[in-house]
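Note sheet for the following structure.
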Amino acid sequence: MPSVEENPLESLENVKTHALLPFLHQQSATALSRLYTSPSSCLSIFRLLTPVERQIVMNILWLESAIPLSTMAAWVTIDGKKLYERSLETLSQLHILSQYPMKLLLNSTFKSSLRHAITGGGTTGSFGVPATKDPKHSPPTVESLDGYALERWETILHYMVSSGTGQLPTKPSTGVLYLLKESGLMSGSQNFEPQITSEGFQFLLHSPHDQLWELLLQYLHMVERRSMDLVEVISFLLMLSTMELGREYSTENLSQTQKVMLEDLRDYGLIWQRRPSSKRFSPTRLATTLTSSSEGSSLSTLAPTQATGLGNSSSNALTRSKGTGAGIGGGAAGGGAGSGNQQGFIILETNYRVYAYTDNPLQTAVLNLFVSLKYRFPNLVVGSITRESVKKALNNGISSEQIISYLLTHAHPQMRKFNPMIPVTVQDQIRLWELEKNRLKSDSGFLYTSFQSQADYEYVLNYAKELGVVLWENNAKRCFFAHEEGHGNIKSFIERRRTAGQGQ
Amino acid sequence: MRAIKGVLLTCDAAVKQILLIMNEQQSFIIEDLDDHHLVIKADEEYRIRRQLETELEKNTYTLES
């Protein structure tokens, strides 16, 4: 149970909940129990839960009758109590626990579906119906699927990153453009080319898995406006996440809504189809990893990064064969190439120099957001972090923390030997540059002066303080400054007082 | 009693001095509250920010360019 071991407790508490779960919390109980009729959805949601929550579900999965809370609680140590209760809370919000807080019992639909998912049997089709072998074409290889997904996904990101720079990269489909605008990641009207917003810039620095889910959540929000059935959409996404990479599935069993989704998901690179009218589809790695390992260390190896690894490893091989031509300490390129070439590629030195081992135009473009790039080689980009480049990023709405966390997550394995990983000088300087930008803080509002008496002044001031709008006050001068929001209230308050005064 | 519409600027003492000098060229300050606070005309804020930035920029030096 939750607190068997002492040490992992803290790390367990810090596990962040998956982005989909808060969205599911908002759904009604009926919608959720419709969702739970599909075994694949249950299994996927189960995978999204935190370890403690999974533990609880597993413990009571095979029980037929409810058990009293105290029975389960007896297993929990004092340290784990908070964590345990929070887990129960989450489970009941998801309507997985049906009688909480009286007793512990799994939602009957969820229970039978998850049992089906684990033991097999039951209605087929929940995990997708494999298509019969096509005599004319062989199914797509894993490599070609990876390539396709990567190309689709990077088209979207690359389009975002280079909007406003004057370059014209390939445009993603109109569906994607619409989604980007709706989600506020890009702005723009019909006549103008869409421009990336500050949220968009922040989006670019997130991990690929988060990015994917951010867009999909946005997609879910749009679903109702397009009068699609939300439950079917979610269960289709979850179904995709349980499918097998490199296998073809038949579209026969899909509902009308889900067939419409095929087209959208093809645009995002989650699904591959030979022809738009094809009767079969293959999920790509983006789709099959949707719900896998939502926590901790494995995050960075998820979908696109993994695929990018293909590109990176070849570039690293290049580095090795050519030696470290760039002239940074020999170990950097050679040593790091073996192990973690799938994730880290950035080396940052104390003199603000940045060496990025990448041949990926997207990663280069993202770096270009806050690094002033100097040289470019087939496998290496060199630049430096300067006041100007950071200022440009800050003006675009990227915060210093985001820059630092991007550098952290993409640090070259060689960098990971240092503690702290990012040189303190650089970190501090980036933060200082941000502070420098905020030397002037402004709030619009009203200055209230020339009160007739101290009592008058204090009376109005107290009222304004109750509203919580006072930004500055000075007793000696008998004046105070209040935020715009409060002006209407303060004005009518004074008028009321004045008329009351005249009445006497 | 009077209520004056404006923008409250909160800044450090150095920036305030620069603002005071800028005010001599083209007046925009409604009320000088204390060392760290000023009330200025609302529609001047953008111009002031731009002008202050160029002013502060003069005090920074880079190795580049």
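Starting from 1 in every chain, residues are counted up; chains themselves are A, B, ... following the order of the structure tokens, and ligands are numbered from 1 as listed.
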
With only C-alpha atoms counted and 9 Å as the cut-off, give the residues of chain B in contact with chain A, each with its shortest interatomic distance in Å and the pair that gives it, as a tab-separated table.
residue	atom	partner	partner_atom	distance
B:Met1	CA	A:Phe451	CA	4.6
B:Arg2	CA	A:Thr449	CA	5.3
B:Ala3	CA	A:Tyr448	CA	4.4
B:Ile4	CA	A:Leu447	CA	4.9
B:Lys5	CA	A:Phe446	CA	4.5
B:Gly6	CA	A:Gly445	CA	5.7
B:Val7	CA	A:Ser444	CA	4.0
B:Leu8	CA	A:Asp443	CA	5.2
B:Leu9	CA	A:Ser442	CA	4.5
B:Thr10	CA	A:Lys441	CA	5.0
B:Cys11	CA	A:Leu440	CA	4.9
B:Asp12	CA	A:Arg439	CA	7.0
B:Val15	CA	A:Arg439	CA	7.6
B:Glu31	CA	A:Leu447	CA	8.9
B:Leu33	CA	A:Asn474	CA	8.4
B:His37	CA	A:Trp472	CA	8.2
B:Val39	CA	A:Leu447	CA	7.8
B:Ala42	CA	A:Ser444	CA	7.0
B:Glu45	CA	A:Ser442	CA	8.4
B:Arg49	CA	A:Leu440	CA	8.1
B:Glu53	CA	A:Lys437	CA	8.8
B:Thr62	CA	A:Arg387	CA	8.0
B:Glu64	CA	A:Thr386	CA	8.9

Based on the backbone DSSP call, show me all residues of chain B assigned strand (DSSP E or B), as a PDB file with N, CA and C atoms, in the first residue's frame.
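Final output, saved to part.pdb:
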ATOM      1  N   ARG B   2     -11.374  65.065  -4.508  1.00  0.00           N
ATOM      2  CA  ARG B   2     -11.203  64.937  -5.954  1.00  0.00           C
ATOM      3  C   ARG B   2     -10.681  63.558  -6.303  1.00  0.00           C
ATOM      4  N   ALA B   3     -11.100  63.052  -7.457  1.00  0.00           N
ATOM      5  CA  ALA B   3     -10.520  61.810  -7.962  1.00  0.00           C
ATOM      6  C   ALA B   3      -9.884  62.125  -9.312  1.00  0.00           C
ATOM      7  N   ILE B   4      -8.604  61.803  -9.455  1.00  0.00           N
ATOM      8  CA  ILE B   4      -7.901  62.092 -10.699  1.00  0.00           C
ATOM      9  C   ILE B   4      -7.533  60.793 -11.379  1.00  0.00           C
ATOM     10  N   LYS B   5      -7.924  60.687 -12.640  1.00  0.00           N
ATOM     11  CA  LYS B   5      -7.595  59.457 -13.374  1.00  0.00           C
ATOM     12  C   LYS B   5      -6.137  59.491 -13.803  1.00  0.00           C
ATOM     13  N   GLY B   6      -5.478  58.384 -13.670  1.00  0.00           N
ATOM     14  CA  GLY B   6      -4.080  58.348 -14.081  1.00  0.00           C
ATOM     15  C   GLY B   6      -3.507  56.959 -13.971  1.00  0.00           C
ATOM     16  N   VAL B   7      -2.188  56.869 -14.151  1.00  0.00           N
ATOM     17  CA  VAL B   7      -1.505  55.594 -14.036  1.00  0.00           C
ATOM     18  C   VAL B   7      -0.471  55.715 -12.928  1.00  0.00           C
ATOM     19  N   LEU B   8      -0.507  54.788 -12.004  1.00  0.00           N
ATOM     20  CA  LEU B   8       0.472  54.795 -10.920  1.00  0.00           C
ATOM     21  C   LEU B   8       1.711  54.033 -11.376  1.00  0.00           C
ATOM     22  N   LEU B   9       2.845  54.730 -11.370  1.00  0.00           N
ATOM     23  CA  LEU B   9       4.095  54.073 -11.722  1.00  0.00           C
ATOM     24  C   LEU B   9       4.843  53.723 -10.445  1.00  0.00           C
ATOM     25  N   THR B  10       5.249  52.472 -10.338  1.00  0.00           N
ATOM     26  CA  THR B  10       6.083  52.060  -9.206  1.00  0.00           C
ATOM     27  C   THR B  10       7.462  51.744  -9.763  1.00  0.00           C
ATOM     28  N   ILE B  29       3.740  64.191 -15.761  1.00  0.00           N
ATOM     29  CA  ILE B  29       3.509  63.773 -14.389  1.00  0.00           C
ATOM     30  C   ILE B  29       2.344  64.559 -13.794  1.00  0.00           C
ATOM     31  N   ILE B  30       1.395  63.834 -13.235  1.00  0.00           N
ATOM     32  CA  ILE B  30       0.280  64.506 -12.584  1.00  0.00           C
ATOM     33  C   ILE B  30       0.637  64.808 -11.141  1.00  0.00           C
ATOM     34  N   GLU B  31       1.193  63.829 -10.483  1.00  0.00           N
ATOM     35  CA  GLU B  31       1.483  63.995  -9.072  1.00  0.00           C
ATOM     36  C   GLU B  31       2.744  63.197  -8.730  1.00  0.00           C
ATOM     37  N   ASP B  32       3.639  63.864  -8.003  1.00  0.00           N
ATOM     38  CA  ASP B  32       4.840  63.185  -7.557  1.00  0.00           C
ATOM     39  C   ASP B  32       4.575  62.710  -6.134  1.00  0.00           C
ATOM     40  N   LEU B  33       4.357  61.405  -5.964  1.00  0.00           N
ATOM     41  CA  LEU B  33       3.887  60.931  -4.663  1.00  0.00           C
ATOM     42  C   LEU B  33       5.031  60.748  -3.662  1.00  0.00           C
ATOM     43  N   ASP B  34       5.972  59.881  -3.972  1.00  0.00           N
ATOM     44  CA  ASP B  34       7.146  59.739  -3.106  1.00  0.00           C
ATOM     45  C   ASP B  34       8.309  59.205  -3.929  1.00  0.00           C
ATOM     46  N   HIS B  37       6.989  56.324  -6.216  1.00  0.00           N
ATOM     47  CA  HIS B  37       5.681  56.349  -6.878  1.00  0.00           C
ATOM     48  C   HIS B  37       5.403  57.674  -7.576  1.00  0.00           C
ATOM     49  N   LEU B  38       4.841  57.558  -8.758  1.00  0.00           N
ATOM     50  CA  LEU B  38       4.437  58.735  -9.523  1.00  0.00           C
ATOM     51  C   LEU B  38       3.064  58.462 -10.121  1.00  0.00           C
ATOM     52  N   VAL B  39       2.263  59.502 -10.276  1.00  0.00           N
ATOM     53  CA  VAL B  39       1.042  59.334 -11.054  1.00  0.00           C
ATOM     54  C   VAL B  39       1.219  60.112 -12.342  1.00  0.00           C
ATOM     55  N   ILE B  40       0.984  59.451 -13.467  1.00  0.00           N
ATOM     56  CA  ILE B  40       1.155  60.132 -14.752  1.00  0.00           C
ATOM     57  C   ILE B  40      -0.129  60.024 -15.564  1.00  0.00           C
TER      58      ILE B  40
END

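The protein and nucleic acid residues lying at most 12 Å from A:Ser108 are A:Ser33, A:Arg34, A:Tyr36, A:Thr37, A:Cys42, A:Ile60, A:Leu61, A:Trp62, A:Leu63, A:Glu64, A:Ser65, A:Ala66, A:His95, A:Ile96, A:Leu97, A:Ser98, A:Gln99, A:Leu104, A:Leu105, A:Leu106, A:Phe110, A:Lys111, A:Ser112, A:Ser113, A:Leu114, A:Arg115, with only C-alpha atoms considered and sequence neighbours fewer than 2 positions away removed.
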
How would the residues just picked look written out with C-alpha atoms as a PDB file, in the first residue's frame?
ATOM      1  CA  SER A  33     -19.686   5.913 -17.124  1.00  0.00           C
ATOM      2  CA  ARG A  34     -20.377   5.820 -20.859  1.00  0.00           C
ATOM      3  CA  TYR A  36     -16.010   3.403 -18.894  1.00  0.00           C
ATOM      4  CA  THR A  37     -18.020   0.942 -20.947  1.00  0.00           C
ATOM      5  CA  CYS A  42     -10.481   2.076 -18.669  1.00  0.00           C
ATOM      6  CA  ILE A  60     -10.252  -3.633  -4.803  1.00  0.00           C
ATOM      7  CA  LEU A  61     -10.693  -4.596  -8.435  1.00  0.00           C
ATOM      8  CA  TRP A  62     -11.668  -8.194  -7.721  1.00  0.00           C
ATOM      9  CA  LEU A  63     -13.859  -7.509  -4.704  1.00  0.00           C
ATOM     10  CA  GLU A  64     -17.547  -7.972  -5.295  1.00  0.00           C
ATOM     11  CA  SER A  65     -18.827  -6.030  -2.325  1.00  0.00           C
ATOM     12  CA  ALA A  66     -17.833  -2.706  -0.828  1.00  0.00           C
ATOM     13  CA  HIS A  95     -16.220   8.459 -10.518  1.00  0.00           C
ATOM     14  CA  ILE A  96     -14.019   5.421 -10.381  1.00  0.00           C
ATOM     15  CA  LEU A  97     -14.893   4.992  -6.709  1.00  0.00           C
ATOM     16  CA  SER A  98     -18.633   5.072  -6.509  1.00  0.00           C
ATOM     17  CA  GLN A  99     -19.560   5.190  -2.824  1.00  0.00           C
ATOM     18  CA  LEU A 104     -14.751   1.732  -1.044  1.00  0.00           C
ATOM     19  CA  LEU A 105     -16.243   0.199  -4.134  1.00  0.00           C
ATOM     20  CA  LEU A 106     -15.295   0.546  -7.762  1.00  0.00           C
ATOM     21  CA  PHE A 110     -15.330   0.606 -14.649  1.00  0.00           C
ATOM     22  CA  LYS A 111     -14.804  -2.589 -12.720  1.00  0.00           C
ATOM     23  CA  SER A 112     -16.161  -4.928 -15.361  1.00  0.00           C
ATOM     24  CA  SER A 113     -14.406  -3.061 -18.199  1.00  0.00           C
ATOM     25  CA  LEU A 114     -11.037  -3.060 -16.514  1.00  0.00           C
ATOM     26  CA  ARG A 115     -11.453  -6.752 -15.730  1.00  0.00           C
TER      27      ARG A 115
END

Considering only C-alpha atoms, return as JSON, numbers by chain whatever protein or nucleic-acid residues lie within 7 Å of A:Tyr268, sequence-local ones (same chain, fewer than 4 positions apart) excluded. {"A": [152, 153, 264]}

Using N, CA and C atoms, can you export the residues from the last selection as a tab-separated table (two decimals), in the first residue's frame?
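Output contents, as saved in result05.tsv:
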chain	number	residue	atom	x	y	z
A	152	ARG	N	4.91	15.34	-39.73
A	152	ARG	CA	3.65	16.06	-39.46
A	152	ARG	C	3.81	17.00	-38.27
A	153	TRP	N	4.32	16.43	-37.17
A	153	TRP	CA	4.39	17.17	-35.92
A	153	TRP	C	5.35	18.35	-36.04
A	264	ASP	N	-8.72	14.51	-38.84
A	264	ASP	CA	-8.00	15.47	-38.00
A	264	ASP	C	-6.71	14.88	-37.47

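A straight line drawn from atom CA of B:Lys16 to atom CA of A:Gln429 is 24.0 Å long.
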
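All residues of protein, DNA or RNA that reach within 12 Å of A:Thr350, judged by only C-alpha atoms and not counting those fewer than 4 positions away in the chain, are Val354, Tyr355, Ser384, Ile385, Met415, Phe418, Pro420, Met421, Ile422, Pro423, Val424, Thr425, Val426, Gln427, Asp428 and Gln429 of chain A.
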
Exercise for the section: Please identify which residues in chain B DSSP calls helix (DSSP H, G or I) from the backbone, and express them as number ranges by chain. Expected result: B: 13-25, 42-57

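Shortest atom-to-atom contact with B:His36 among B:Leu19, B:Leu56, B:Ile48, B:Tyr61: B:Leu19, counting only C-alpha atoms.
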
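The neighbours of A:Leu185 here are the residues that come within 12 Å of it, using only C-alpha atoms and leaving out any residue fewer than 4 positions away in the same chain; they are Ile156, Leu157, Tyr159, Met160, Val161, Ser163, Val176, Leu177, Tyr178, Leu179, Leu180, Lys181, Pro194, Gln195, Ile196, Thr197, Ser198, Glu199, Gly200, Phe201, Gln202, Phe203, Leu204, Gln211, Glu214, Leu215, Gln218 and Gly397 of chain A.
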
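Between A:Glu232 and the candidates A:Asn396, A:Ser282, A:Gln454, A:Ser255, the tightest atom-to-atom separation, counting only C-alpha atoms, involves A:Ser255.
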
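Atom CA of A:Val142 to atom CA of A:Ile45 spans 25.5 Å [interatomic distance, one decimal].
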